[in-house]
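Peer 1: What follows is data-v4.pdb; its format and atoms are PDB, C-alpha atoms and all ligand atoms.
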ATOM      1  CA  MET A  14     -49.494   9.117 -88.313
ATOM      2  CA  THR A  15     -49.238   6.089 -86.090
ATOM      3  CA  PHE A  16     -52.212   4.327 -84.560
ATOM      4  CA  SER A  17     -51.958   2.648 -81.197
ATOM      5  CA  ARG A  18     -53.415  -0.829 -81.186
ATOM      6  CA  GLY A  19     -56.198  -0.562 -78.628
ATOM      7  CA  GLU A  20     -57.316   2.924 -79.624
ATOM      8  CA  GLY A  21     -58.685   2.121 -83.085
ATOM      9  CA  LEU A  22     -58.605   5.228 -85.192
ATOM     10  CA  ILE A  23     -57.127   7.643 -82.663
ATOM     11  CA  ALA A  24     -53.444   8.416 -83.170
ATOM     12  CA  GLY A  25     -51.225   7.545 -80.199
ATOM     13  CA  PRO A  26     -50.210  11.089 -79.169
ATOM     14  CA  VAL A  27     -53.830  12.256 -79.434
ATOM     15  CA  ALA A  28     -55.097   9.368 -77.302
ATOM     16  CA  ARG A  29     -52.339  10.053 -74.797
ATOM     17  CA  LEU A  30     -53.202  13.723 -74.352
ATOM     18  CA  ILE A  31     -56.917  12.881 -74.026
ATOM     19  CA  GLU A  32     -55.980  10.391 -71.323
ATOM     20  CA  GLU A  33     -53.837  12.949 -69.460
ATOM     21  CA  PHE A  34     -56.548  15.640 -69.597
ATOM     22  CA  SER A  35     -59.109  13.084 -68.340
ATOM     23  CA  LYS A  36     -57.069  12.633 -65.152
ATOM     24  CA  LEU A  37     -57.568  16.319 -64.199
ATOM     25  CA  PRO A  38     -60.299  17.222 -61.689
ATOM     26  CA  GLY A  39     -63.572  18.270 -63.291
ATOM     27  CA  ILE A  40     -62.606  17.111 -66.775
ATOM     28  CA  GLY A  41     -64.554  14.211 -68.287
ATOM     29  CA  PRO A  42     -63.690  12.276 -71.472
ATOM     30  CA  LYS A  43     -65.735  14.652 -73.672
ATOM     31  CA  THR A  44     -63.996  17.807 -72.457
ATOM     32  CA  ALA A  45     -60.634  16.009 -72.638
ATOM     33  CA  SER A  46     -61.275  15.190 -76.320
ATOM     34  CA  ARG A  47     -62.453  18.725 -77.073
ATOM     35  CA  LEU A  48     -59.337  20.281 -75.489
ATOM     36  CA  THR A  49     -57.045  17.862 -77.311
ATOM     37  CA  PHE A  50     -58.557  18.487 -80.737
ATOM     38  CA  TYR A  51     -58.565  22.222 -80.050
ATOM     39  CA  LEU A  52     -54.814  22.104 -79.390
ATOM     40  CA  LEU A  53     -54.281  19.975 -82.508
ATOM     41  CA  ARG A  54     -55.782  22.766 -84.615
ATOM     42  CA  ALA A  55     -54.404  25.721 -82.604
ATOM     43  CA  GLU A  56     -51.283  27.678 -83.542
ATOM     44  CA  GLU A  57     -48.170  25.715 -82.645
ATOM     45  CA  GLU A  58     -47.066  28.646 -80.465
ATOM     46  CA  GLN A  59     -50.085  28.218 -78.192
ATOM     47  CA  ALA A  60     -49.453  24.497 -77.665
ATOM     48  CA  ARG A  61     -45.784  25.205 -76.929
ATOM     49  CA  ALA A  62     -46.680  27.941 -74.418
ATOM     50  CA  LEU A  63     -48.995  25.518 -72.595
ATOM     51  CA  ALA A  64     -46.327  22.809 -72.505
ATOM     52  CA  GLN A  65     -43.739  25.301 -71.203
ATOM     53  CA  ALA A  66     -46.134  26.612 -68.530
ATOM     54  CA  LEU A  67     -46.650  23.043 -67.301
ATOM     55  CA  LEU A  68     -42.908  22.410 -67.137
ATOM     56  CA  ASP A  69     -42.275  25.725 -65.349
ATOM     57  CA  LEU A  70     -44.966  24.878 -62.820
ATOM     58  CA  ARG A  71     -43.133  21.752 -61.734
ATOM     59  CA  GLU A  72     -39.576  23.012 -62.134
ATOM     60  CA  ARG A  73     -39.733  26.589 -60.814
ATOM     61  CA  VAL A  74     -42.510  26.677 -58.232
ATOM     62  CA  THR A  75     -41.496  25.744 -54.685
ATOM     63  CA  LEU A  76     -42.788  26.379 -51.175
ATOM     64  CA  CYS A  77     -41.910  29.546 -49.251
ATOM     65  CA  THR A  78     -39.395  28.583 -46.551
ATOM     66  CA  ARG A  79     -41.253  30.732 -44.003
ATOM     67  CA  CYS A  80     -45.012  30.296 -44.584
ATOM     68  CA  TYR A  81     -45.141  27.358 -47.060
ATOM     69  CA  ASN A  82     -47.163  29.322 -49.589
ATOM     70  CA  ILE A  83     -46.284  28.526 -53.205
ATOM     71  CA  THR A  84     -43.579  30.752 -54.668
ATOM     72  CA  VAL A  85     -40.631  31.040 -57.015
ATOM     73  CA  GLY A  86     -37.536  31.785 -54.956
ATOM     74  CA  GLU A  87     -36.971  31.412 -51.231
ATOM     75  CA  LEU A  88     -39.648  33.715 -49.801
ATOM     76  CA  CYS A  89     -43.141  34.326 -51.177
ATOM     77  CA  PRO A  90     -44.037  37.954 -52.103
ATOM     78  CA  ILE A  91     -46.100  38.322 -48.891
ATOM     79  CA  CYS A  92     -43.282  37.205 -46.552
ATOM     80  CA  ALA A  93     -40.816  39.324 -48.520
ATOM     81  CA  ASP A  94     -42.964  42.467 -48.126
ATOM     82  CA  PRO A  95     -41.762  44.472 -45.065
ATOM     83  CA  ALA A  96     -44.990  46.526 -45.148
ATOM     84  CA  ARG A  97     -47.067  43.497 -44.069
ATOM     85  CA  ASP A  98     -48.075  43.349 -40.396
ATOM     86  CA  GLN A  99     -45.473  40.997 -38.888
ATOM     87  CA  THR A 100     -47.462  40.482 -35.671
ATOM     88  CA  ARG A 101     -50.322  38.484 -37.228
ATOM     89  CA  ILE A 102     -50.288  35.033 -38.800
ATOM     90  CA  CYS A 103     -53.387  33.736 -40.569
ATOM     91  CA  VAL A 104     -53.357  29.918 -40.738
ATOM     92  CA  VAL A 105     -54.992  28.358 -43.817
ATOM     93  CA  GLU A 106     -55.231  24.860 -45.266
ATOM     94  CA  GLU A 107     -54.162  25.487 -48.868
ATOM     95  CA  PRO A 108     -52.325  28.099 -50.985
ATOM     96  CA  LEU A 109     -55.634  28.840 -52.765
ATOM     97  CA  ASP A 110     -57.026  30.050 -49.422
ATOM     98  CA  VAL A 111     -54.260  32.684 -49.309
ATOM     99  CA  LEU A 112     -55.495  33.994 -52.657
ATOM    100  CA  ALA A 113     -59.105  34.003 -51.413
ATOM    101  CA  ILE A 114     -58.179  36.046 -48.323
ATOM    102  CA  GLU A 115     -55.939  38.410 -50.322
ATOM    103  CA  ARG A 116     -58.915  39.119 -52.599
ATOM    104  CA  THR A 117     -60.914  40.452 -49.623
ATOM    105  CA  GLY A 118     -58.378  43.260 -49.185
ATOM    106  CA  VAL A 119     -59.025  43.429 -45.412
ATOM    107  CA  TYR A 120     -55.987  41.483 -44.179
ATOM    108  CA  ARG A 121     -52.449  42.911 -44.065
ATOM    109  CA  GLY A 122     -50.682  40.295 -41.937
ATOM    110  CA  LEU A 123     -48.735  37.139 -42.790
ATOM    111  CA  TYR A 124     -49.906  33.592 -43.512
ATOM    112  CA  HIS A 125     -49.039  30.011 -42.683
ATOM    113  CA  VAL A 126     -50.152  27.237 -45.048
ATOM    114  CA  LEU A 127     -50.751  23.842 -43.397
ATOM    115  CA  HIS A 128     -51.090  21.930 -46.684
ATOM    116  CA  GLY A 129     -54.184  20.020 -45.661
ATOM    117  CA  HIS A 130     -56.396  19.362 -42.684
ATOM    118  CA  LEU A 131     -56.596  16.722 -40.016
ATOM    119  CA  ALA A 132     -58.353  13.634 -41.455
ATOM    120  CA  PRO A 133     -57.243  10.433 -39.677
ATOM    121  CA  LEU A 134     -59.666   8.325 -41.746
ATOM    122  CA  GLU A 135     -57.821   9.460 -44.885
ATOM    123  CA  GLY A 136     -54.445   8.906 -43.229
ATOM    124  CA  ILE A 137     -53.735  12.605 -42.672
ATOM    125  CA  TYR A 138     -52.357  13.133 -39.160
ATOM    126  CA  ARG A 139     -50.833  16.039 -37.261
ATOM    127  CA  GLU A 140     -47.320  15.198 -38.511
ATOM    128  CA  ASN A 141     -48.470  15.469 -42.144
ATOM    129  CA  LEU A 142     -49.355  19.141 -41.658
ATOM    130  CA  LYS A 143     -46.989  22.123 -41.233
ATOM    131  CA  ILE A 144     -47.937  22.484 -37.543
ATOM    132  CA  ASP A 145     -44.504  22.183 -35.899
ATOM    133  CA  GLU A 146     -43.300  24.743 -38.443
ATOM    134  CA  LEU A 147     -46.066  27.110 -37.277
ATOM    135  CA  LEU A 148     -45.162  26.639 -33.604
ATOM    136  CA  ALA A 149     -41.510  27.362 -34.413
ATOM    137  CA  ARG A 150     -42.546  30.606 -36.103
ATOM    138  CA  VAL A 151     -44.706  31.694 -33.180
ATOM    139  CA  ARG A 152     -41.727  31.125 -30.865
ATOM    140  CA  ALA A 153     -39.206  32.908 -33.107
ATOM    141  CA  GLU A 154     -41.218  35.767 -34.656
ATOM    142  CA  PRO A 155     -42.868  38.799 -32.979
ATOM    143  CA  VAL A 156     -46.358  37.254 -33.265
ATOM    144  CA  ASP A 157     -49.253  38.733 -31.238
ATOM    145  CA  GLU A 158     -52.162  36.918 -32.879
ATOM    146  CA  VAL A 159     -52.709  33.650 -34.750
ATOM    147  CA  ILE A 160     -55.919  33.639 -36.795
ATOM    148  CA  LEU A 161     -57.260  30.139 -37.488
ATOM    149  CA  ALA A 162     -58.818  30.282 -40.953
ATOM    150  CA  THR A 163     -59.168  26.574 -41.644
ATOM    151  CA  ASN A 164     -62.319  25.629 -43.565
ATOM    152  CA  PRO A 165     -65.702  25.811 -41.775
ATOM    153  CA  ASN A 166     -66.311  22.055 -42.039
ATOM    154  CA  THR A 167     -65.702  19.043 -39.763
ATOM    155  CA  GLU A 168     -62.037  18.567 -40.717
ATOM    156  CA  GLY A 169     -61.311  22.299 -40.590
ATOM    157  CA  GLU A 170     -62.869  22.603 -37.108
ATOM    158  CA  ALA A 171     -60.933  19.548 -35.862
ATOM    159  CA  THR A 172     -57.715  21.068 -37.208
ATOM    160  CA  ALA A 173     -58.477  24.422 -35.527
ATOM    161  CA  PHE A 174     -59.131  22.619 -32.220
ATOM    162  CA  LEU A 175     -55.781  20.833 -32.447
ATOM    163  CA  LEU A 176     -53.971  24.085 -33.291
ATOM    164  CA  LEU A 177     -55.578  25.851 -30.328
ATOM    165  CA  ARG A 178     -54.341  23.075 -28.019
ATOM    166  CA  ASP A 179     -50.806  23.357 -29.435
ATOM    167  CA  LEU A 180     -50.735  27.167 -29.387
ATOM    168  CA  ALA A 181     -52.227  27.682 -25.908
ATOM    169  CA  PRO A 182     -48.953  27.045 -23.977
ATOM    170  CA  LEU A 183     -47.147  29.651 -26.111
ATOM    171  CA  GLY A 184     -49.226  32.493 -24.672
ATOM    172  CA  VAL A 185     -50.203  33.932 -28.050
ATOM    173  CA  ARG A 186     -53.683  35.314 -28.782
ATOM    174  CA  VAL A 187     -55.621  32.781 -30.887
ATOM    175  CA  THR A 188     -58.720  33.754 -32.878
ATOM    176  CA  ARG A 189     -61.050  31.907 -35.260
ATOM    177  CA  ILE A 190     -62.787  33.412 -38.296
ATOM    178  CA  SER A 191     -66.483  33.932 -37.572
ATOM    179  CA  ARG A 192     -69.248  31.557 -38.537
ATOM    180  CA  GLY A 193     -70.681  33.879 -41.185
ATOM    181  CA  LEU A 194     -69.251  31.575 -43.841
ATOM    182  CA  PRO A 195     -71.450  28.892 -45.409
ATOM    183  CA  THR A 196     -70.736  25.841 -43.239
ATOM    184  CA  GLY A 197     -69.351  22.761 -44.928
ATOM    185  CA  GLY A 198     -67.877  24.956 -47.644
ATOM    186  CA  ASP A 199     -64.318  25.758 -48.604
ATOM    187  CA  LEU A 200     -62.739  29.151 -48.036
ATOM    188  CA  GLU A 201     -61.616  29.357 -51.635
ATOM    189  CA  TRP A 202     -65.238  29.402 -52.865
ATOM    190  CA  ALA A 203     -66.519  32.030 -50.434
ATOM    191  CA  ASP A 204     -67.246  35.428 -51.970
ATOM    192  CA  PRO A 205     -64.751  38.155 -50.952
ATOM    193  CA  ASP A 206     -67.323  40.226 -48.980
ATOM    194  CA  THR A 207     -68.471  37.265 -46.861
ATOM    195  CA  LEU A 208     -64.895  36.110 -46.263
ATOM    196  CA  GLY A 209     -63.773  39.646 -45.412
ATOM    197  CA  ALA A 210     -66.612  39.954 -42.874
ATOM    198  CA  ALA A 211     -65.707  36.552 -41.376
ATOM    199  CA  LEU A 212     -62.127  37.745 -40.908
ATOM    200  CA  GLU A 213     -63.111  41.065 -39.351
ATOM    201  CA  GLY A 214     -65.655  39.352 -37.094
ATOM    202  CA  ARG A 215     -63.151  36.789 -35.809
ATOM    203  CA  ARG A 216     -63.545  35.761 -32.196
ATOM    204  CA  GLU A 217     -61.183  34.948 -29.369
ATOM    205  CA  LEU A 218     -60.677  31.229 -28.609
TER     206      LEU A 218
HETATM  207 ZN    ZN B 301     -44.230  33.112 -47.354
END
Rewrite the structure from the file as C-alpha cells, please.
Peer 2:
Amino acid sequence: MTFSRGEGLIAGPVARLIEEFSKLPGIGPKTASRLTFYLLRAEEEQARALAQALLDLRERVTLCTRCYNITVGELCPICADPARDQTRICVVEEPLDVLAIERTGVYRGLYHVLHGHLAPLEGIYRENLKIDELLARVRAEPVDEVILATNPNTEGEATAFLLLRDLAPLGVRVTRISRGLPTGGDLEWADPDTLGAALEGRREL
C-alpha cells in the first residue's frame, strides 16, 4: 500500500475516492468515507459494476435529437413511440422532470427539455436553453398545444413568460400547468397526484 504525503495514514486510492465522492451533491466527508470503505470491503464484482455504470453513463448516454431528453441512441423511447400523442409538447427544464411527469400517468404527449431555466444573474440566457429547437419543432411538427411545465418558482415563471412571447406568433395553443404545485419547489419533488392534477388543471395563456 502506498501513502500519499499529505493524507497521513490514508492510502492514495482511498483518499482519492473519498475526495471524488465528496464532490457529489448531498454527500459530505463522512458519507464519502463510509461509501469508500464499504466498496473496499465489498465483493470486487460490485465495485467493478459501479465503475462500469459510471463509464457507460458518460460514454453511451446522449441527448435525444428531437426532444433533448437523455437517451441511448438517436431518439428517446418517448419520441420513438408512435402511440404517443404527437400534437402535444410538454416543455420542462430538466430530464428528471420528464420522469416526474411520466410517473403521474396522466400525460400521453411528447416532451421538450430546455436544459435549464432563464437566470441572467447566473449567466444563463435564452441562447443557453433549447428554445430555438422548440420553435423549430412547433413549426415542423403537427403540434396543437405546448404545455409550459417549467418549475413554479421565479426562474421557471420567467422562462414560461419568455416562451409564451416566442410561441405567440406561431399560432399554437399555449398552456401553463396550474398553481396547485407548492410554489418555489421543483417539479421533480412534487408527488405524482399533485403533479398530475396540476397538468390536468392547466390553463390557457
Ligand atoms: Zn425524445
Peer 1: Excluding same-chain residues fewer than 3 positions from stretch 146-161 of chain A, what lies within 6 Å of it counting only C-alpha atoms, as a compact mmCIF listing (two decimals) with C-alpha atoms, in the frame of the given file?
Peer 2:
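The new file out_34.txt reads:
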# COMPACT_ATOMS: atom_id res chain seq x y z
CA THR A 100 -47.46 40.48 -35.67
CA ARG A 101 -50.32 38.48 -37.23
CA ILE A 102 -50.29 35.03 -38.80
CA CYS A 103 -53.39 33.74 -40.57
CA VAL A 104 -53.36 29.92 -40.74
CA LYS A 143 -46.99 22.12 -41.23
CA VAL A 185 -50.20 33.93 -28.05
CA ARG A 186 -53.68 35.31 -28.78
CA VAL A 187 -55.62 32.78 -30.89
CA THR A 188 -58.72 33.75 -32.88
CA ARG A 189 -61.05 31.91 -35.26
Peer 1: Hey, which residues sit close to ligand ZN 301 (chain B)? Say within 6 Å, counting all atoms listed in the file, and write them as a PyMOL selection string.
Peer 2: chain A and resi 77+79-82+88-89+91-92
Peer 1: If you keep C-alpha atoms, can you produce a file of those selected residues as a PDB file, keeping the file's coordinate frame?
Peer 2:
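Listing of part-v5.pdb after writing:
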ATOM      1  CA  CYS A  77     -41.910  29.546 -49.251  1.00  0.00           C
ATOM      2  CA  ARG A  79     -41.253  30.732 -44.003  1.00  0.00           C
ATOM      3  CA  CYS A  80     -45.012  30.296 -44.584  1.00  0.00           C
ATOM      4  CA  TYR A  81     -45.141  27.358 -47.060  1.00  0.00           C
ATOM      5  CA  ASN A  82     -47.163  29.322 -49.589  1.00  0.00           C
ATOM      6  CA  LEU A  88     -39.648  33.715 -49.801  1.00  0.00           C
ATOM      7  CA  CYS A  89     -43.141  34.326 -51.177  1.00  0.00           C
ATOM      8  CA  ILE A  91     -46.100  38.322 -48.891  1.00  0.00           C
ATOM      9  CA  CYS A  92     -43.282  37.205 -46.552  1.00  0.00           C
TER      10      CYS A  92
END
Peer 1: Would you mind listing what lies within 12 Å of A:Leu112 as a list in words, with only C-alpha atoms counted and same-chain residues fewer than 5 positions away left out?
Peer 2: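 In the requested form, the answer reads Asn82, Ile83, Ile91, Val105, Glu106, Glu107, Thr117, Gly118, Tyr120, Tyr124, Val126, Leu200, Glu201, Trp202, Ala203, Asp204, Pro205 and Leu208 of chain A.
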Peer 1: Tell me which of A:Leu180, A:Ala64, A:Val27, A:Ala162 sits closest to A:Arg216, counting only C-alpha atoms.
Peer 2: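 Using only C-alpha atoms, the shortest distance to A:Arg216 belongs to A:Ala162.
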Peer 1: Near stretch 131-135 of chain A, within 8 Å and counting all atoms listed in the file, which residues show up once chain neighbours fewer than 6 positions away are dropped, as JSON, numbers by chain?
Peer 2: {"A": [142, 168, 169, 171, 172]}
Peer 1: Go ahead and compute the interatomic distance for atom CA of A:Phe34 and atom CA of A:Leu48, in Å to one decimal.
Peer 2: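 So the answer is 8.0 Å.
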Peer 1: For stretch 69-75 of chain A, please output as a ChimeraX atom specification all residues within 8 Å (counting all atoms listed in the file; exclusion window: fewer than 2 positions along the same chain).
Peer 2: /A:65-67,77,83-86
Peer 1: Go ahead and compute the interatomic distance for atom CA of A:Leu177 and atom CA of A:Glu87, in Å to one decimal.
Peer 2: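 Atom-to-atom, atom CA of A:Leu177 and atom CA of A:Glu87 are spaced 28.5 Å apart.
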Peer 1: When distances are computed from all atoms listed in the file, which of A:Ile114, A:Asp199, A:Ala24, A:Lys36 shows the smallest separation from A:Phe50?
Peer 2: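 Selected residue with least distance to A:Phe50: A:Ala24.
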Peer 1: How many Å separate atom CA of A:Ala93 from atom CA of A:Val119?
Peer 2: 18.9 Å
Peer 1: Which one is closest to A:Gly122: A:Asp179, A:Asp206, A:Asp94, A:Glu58? Count only C-alpha atoms.
Peer 2: A:Asp94
Peer 1: I would like the residues chosen by the PyMOL selection byres (((chain A and resi 52) around 12) and not hetatm) on the shown file; could you give them as a CSV table (one decimal) with C-alpha atoms, keeping the file's coordinate frame?
Peer 2:
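Output contents, as saved in out-v9.csv:
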chain,number,residue,atom,x,y,z
A,26,PRO,CA,-50.2,11.1,-79.2
A,27,VAL,CA,-53.8,12.3,-79.4
A,30,LEU,CA,-53.2,13.7,-74.4
A,31,ILE,CA,-56.9,12.9,-74.0
A,34,PHE,CA,-56.5,15.6,-69.6
A,45,ALA,CA,-60.6,16.0,-72.6
A,46,SER,CA,-61.3,15.2,-76.3
A,47,ARG,CA,-62.5,18.7,-77.1
A,48,LEU,CA,-59.3,20.3,-75.5
A,49,THR,CA,-57.0,17.9,-77.3
A,50,PHE,CA,-58.6,18.5,-80.7
A,51,TYR,CA,-58.6,22.2,-80.0
A,53,LEU,CA,-54.3,20.0,-82.5
A,54,ARG,CA,-55.8,22.8,-84.6
A,55,ALA,CA,-54.4,25.7,-82.6
A,56,GLU,CA,-51.3,27.7,-83.5
A,57,GLU,CA,-48.2,25.7,-82.6
A,58,GLU,CA,-47.1,28.6,-80.5
A,59,GLN,CA,-50.1,28.2,-78.2
A,60,ALA,CA,-49.5,24.5,-77.7
A,61,ARG,CA,-45.8,25.2,-76.9
A,62,ALA,CA,-46.7,27.9,-74.4
A,63,LEU,CA,-49.0,25.5,-72.6
A,64,ALA,CA,-46.3,22.8,-72.5
Peer 1: Can I get a file of stretch 43-75 of chain A from the given structure, N, CA and C atoms kept, as a PDB file, in the first residue's frame?
Peer 2:
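result-v5.pdb, written as the output of this step:
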ATOM      1  N   LYS A  43     -18.106  12.593   5.701  1.00  0.00           N
ATOM      2  CA  LYS A  43     -18.387  11.359   6.456  1.00  0.00           C
ATOM      3  C   LYS A  43     -18.995  10.293   5.563  1.00  0.00           C
ATOM      4  N   THR A  44     -20.022  10.684   4.797  1.00  0.00           N
ATOM      5  CA  THR A  44     -20.674   9.729   3.894  1.00  0.00           C
ATOM      6  C   THR A  44     -19.680   9.263   2.832  1.00  0.00           C
ATOM      7  N   ALA A  45     -18.852  10.188   2.339  1.00  0.00           N
ATOM      8  CA  ALA A  45     -17.855   9.837   1.325  1.00  0.00           C
ATOM      9  C   ALA A  45     -16.911   8.767   1.869  1.00  0.00           C
ATOM     10  N   SER A  46     -16.484   8.903   3.111  1.00  0.00           N
ATOM     11  CA  SER A  46     -15.594   7.900   3.729  1.00  0.00           C
ATOM     12  C   SER A  46     -16.323   6.570   3.887  1.00  0.00           C
ATOM     13  N   ARG A  47     -17.594   6.641   4.340  1.00  0.00           N
ATOM     14  CA  ARG A  47     -18.341   5.412   4.569  1.00  0.00           C
ATOM     15  C   ARG A  47     -18.512   4.638   3.260  1.00  0.00           C
ATOM     16  N   LEU A  48     -18.878   5.351   2.176  1.00  0.00           N
ATOM     17  CA  LEU A  48     -19.056   4.698   0.879  1.00  0.00           C
ATOM     18  C   LEU A  48     -17.751   4.077   0.394  1.00  0.00           C
ATOM     19  N   THR A  49     -16.658   4.810   0.568  1.00  0.00           N
ATOM     20  CA  THR A  49     -15.357   4.321   0.102  1.00  0.00           C
ATOM     21  C   THR A  49     -14.947   3.053   0.839  1.00  0.00           C
ATOM     22  N   PHE A  50     -15.084   3.064   2.161  1.00  0.00           N
ATOM     23  CA  PHE A  50     -14.671   1.878   2.927  1.00  0.00           C
ATOM     24  C   PHE A  50     -15.618   0.717   2.700  1.00  0.00           C
ATOM     25  N   TYR A  51     -16.892   1.032   2.405  1.00  0.00           N
ATOM     26  CA  TYR A  51     -17.836  -0.027   2.045  1.00  0.00           C
ATOM     27  C   TYR A  51     -17.363  -0.729   0.773  1.00  0.00           C
ATOM     28  N   LEU A  52     -16.982   0.074  -0.233  1.00  0.00           N
ATOM     29  CA  LEU A  52     -16.554  -0.501  -1.512  1.00  0.00           C
ATOM     30  C   LEU A  52     -15.250  -1.272  -1.374  1.00  0.00           C
ATOM     31  N   LEU A  53     -14.397  -0.839  -0.442  1.00  0.00           N
ATOM     32  CA  LEU A  53     -13.122  -1.512  -0.195  1.00  0.00           C
ATOM     33  C   LEU A  53     -13.355  -2.929   0.317  1.00  0.00           C
ATOM     34  N   ARG A  54     -14.438  -3.091   1.099  1.00  0.00           N
ATOM     35  CA  ARG A  54     -14.741  -4.405   1.674  1.00  0.00           C
ATOM     36  C   ARG A  54     -15.688  -5.223   0.799  1.00  0.00           C
ATOM     37  N   ALA A  55     -16.422  -4.535  -0.114  1.00  0.00           N
ATOM     38  CA  ALA A  55     -17.439  -5.238  -0.915  1.00  0.00           C
ATOM     39  C   ALA A  55     -16.787  -6.214  -1.882  1.00  0.00           C
ATOM     40  N   GLU A  56     -17.620  -7.098  -2.460  1.00  0.00           N
ATOM     41  CA  GLU A  56     -17.147  -8.018  -3.492  1.00  0.00           C
ATOM     42  C   GLU A  56     -16.564  -7.197  -4.643  1.00  0.00           C
ATOM     43  N   GLU A  57     -15.491  -7.688  -5.227  1.00  0.00           N
ATOM     44  CA  GLU A  57     -14.862  -6.963  -6.324  1.00  0.00           C
ATOM     45  C   GLU A  57     -15.859  -6.704  -7.458  1.00  0.00           C
ATOM     46  N   GLU A  58     -16.757  -7.702  -7.671  1.00  0.00           N
ATOM     47  CA  GLU A  58     -17.742  -7.586  -8.749  1.00  0.00           C
ATOM     48  C   GLU A  58     -18.606  -6.337  -8.597  1.00  0.00           C
ATOM     49  N   GLN A  59     -18.974  -6.025  -7.362  1.00  0.00           N
ATOM     50  CA  GLN A  59     -19.833  -4.859  -7.119  1.00  0.00           C
ATOM     51  C   GLN A  59     -19.101  -3.557  -7.462  1.00  0.00           C
ATOM     52  N   ALA A  60     -17.842  -3.464  -7.059  1.00  0.00           N
ATOM     53  CA  ALA A  60     -17.052  -2.264  -7.351  1.00  0.00           C
ATOM     54  C   ALA A  60     -16.876  -2.107  -8.860  1.00  0.00           C
ATOM     55  N   ARG A  61     -16.633  -3.240  -9.542  1.00  0.00           N
ATOM     56  CA  ARG A  61     -16.464  -3.192 -10.997  1.00  0.00           C
ATOM     57  C   ARG A  61     -17.758  -2.769 -11.695  1.00  0.00           C
ATOM     58  N   ALA A  62     -18.894  -3.266 -11.203  1.00  0.00           N
ATOM     59  CA  ALA A  62     -20.186  -2.907 -11.806  1.00  0.00           C
ATOM     60  C   ALA A  62     -20.437  -1.409 -11.656  1.00  0.00           C
ATOM     61  N   LEU A  63     -20.076  -0.850 -10.504  1.00  0.00           N
ATOM     62  CA  LEU A  63     -20.258   0.587 -10.275  1.00  0.00           C
ATOM     63  C   LEU A  63     -19.378   1.392 -11.225  1.00  0.00           C
ATOM     64  N   ALA A  64     -18.110   0.964 -11.340  1.00  0.00           N
ATOM     65  CA  ALA A  64     -17.178   1.664 -12.229  1.00  0.00           C
ATOM     66  C   ALA A  64     -17.674   1.617 -13.676  1.00  0.00           C
ATOM     67  N   GLN A  65     -18.182   0.439 -14.092  1.00  0.00           N
ATOM     68  CA  GLN A  65     -18.665   0.290 -15.470  1.00  0.00           C
ATOM     69  C   GLN A  65     -19.905   1.145 -15.710  1.00  0.00           C
ATOM     70  N   ALA A  66     -20.799   1.205 -14.705  1.00  0.00           N
ATOM     71  CA  ALA A  66     -22.014   2.016 -14.834  1.00  0.00           C
ATOM     72  C   ALA A  66     -21.647   3.485 -15.011  1.00  0.00           C
ATOM     73  N   LEU A  67     -20.628   3.943 -14.298  1.00  0.00           N
ATOM     74  CA  LEU A  67     -20.181   5.329 -14.417  1.00  0.00           C
ATOM     75  C   LEU A  67     -19.617   5.607 -15.806  1.00  0.00           C
ATOM     76  N   LEU A  68     -18.831   4.666 -16.313  1.00  0.00           N
ATOM     77  CA  LEU A  68     -18.259   4.833 -17.656  1.00  0.00           C
ATOM     78  C   LEU A  68     -19.347   4.845 -18.723  1.00  0.00           C
ATOM     79  N   ASP A  69     -20.315   3.893 -18.577  1.00  0.00           N
ATOM     80  CA  ASP A  69     -21.417   3.812 -19.546  1.00  0.00           C
ATOM     81  C   ASP A  69     -22.216   5.101 -19.567  1.00  0.00           C
ATOM     82  N   LEU A  70     -22.405   5.668 -18.375  1.00  0.00           N
ATOM     83  CA  LEU A  70     -23.191   6.901 -18.257  1.00  0.00           C
ATOM     84  C   LEU A  70     -22.610   7.988 -19.152  1.00  0.00           C
ATOM     85  N   ARG A  71     -21.287   8.124 -19.104  1.00  0.00           N
ATOM     86  CA  ARG A  71     -20.655   9.187 -19.887  1.00  0.00           C
ATOM     87  C   ARG A  71     -20.458   8.819 -21.349  1.00  0.00           C
ATOM     88  N   GLU A  72     -20.268   7.517 -21.624  1.00  0.00           N
ATOM     89  CA  GLU A  72     -19.940   7.122 -22.988  1.00  0.00           C
ATOM     90  C   GLU A  72     -21.156   6.790 -23.835  1.00  0.00           C
ATOM     91  N   ARG A  73     -22.254   6.303 -23.212  1.00  0.00           N
ATOM     92  CA  ARG A  73     -23.374   5.812 -24.012  1.00  0.00           C
ATOM     93  C   ARG A  73     -24.586   6.727 -23.986  1.00  0.00           C
ATOM     94  N   VAL A  74     -24.715   7.537 -22.931  1.00  0.00           N
ATOM     95  CA  VAL A  74     -25.915   8.362 -22.814  1.00  0.00           C
ATOM     96  C   VAL A  74     -25.724   9.670 -23.580  1.00  0.00           C
ATOM     97  N   THR A  75     -26.677   9.970 -24.460  1.00  0.00           N
ATOM     98  CA  THR A  75     -26.636  11.226 -25.215  1.00  0.00           C
ATOM     99  C   THR A  75     -27.996  11.913 -25.093  1.00  0.00           C
TER     100      THR A  75
END
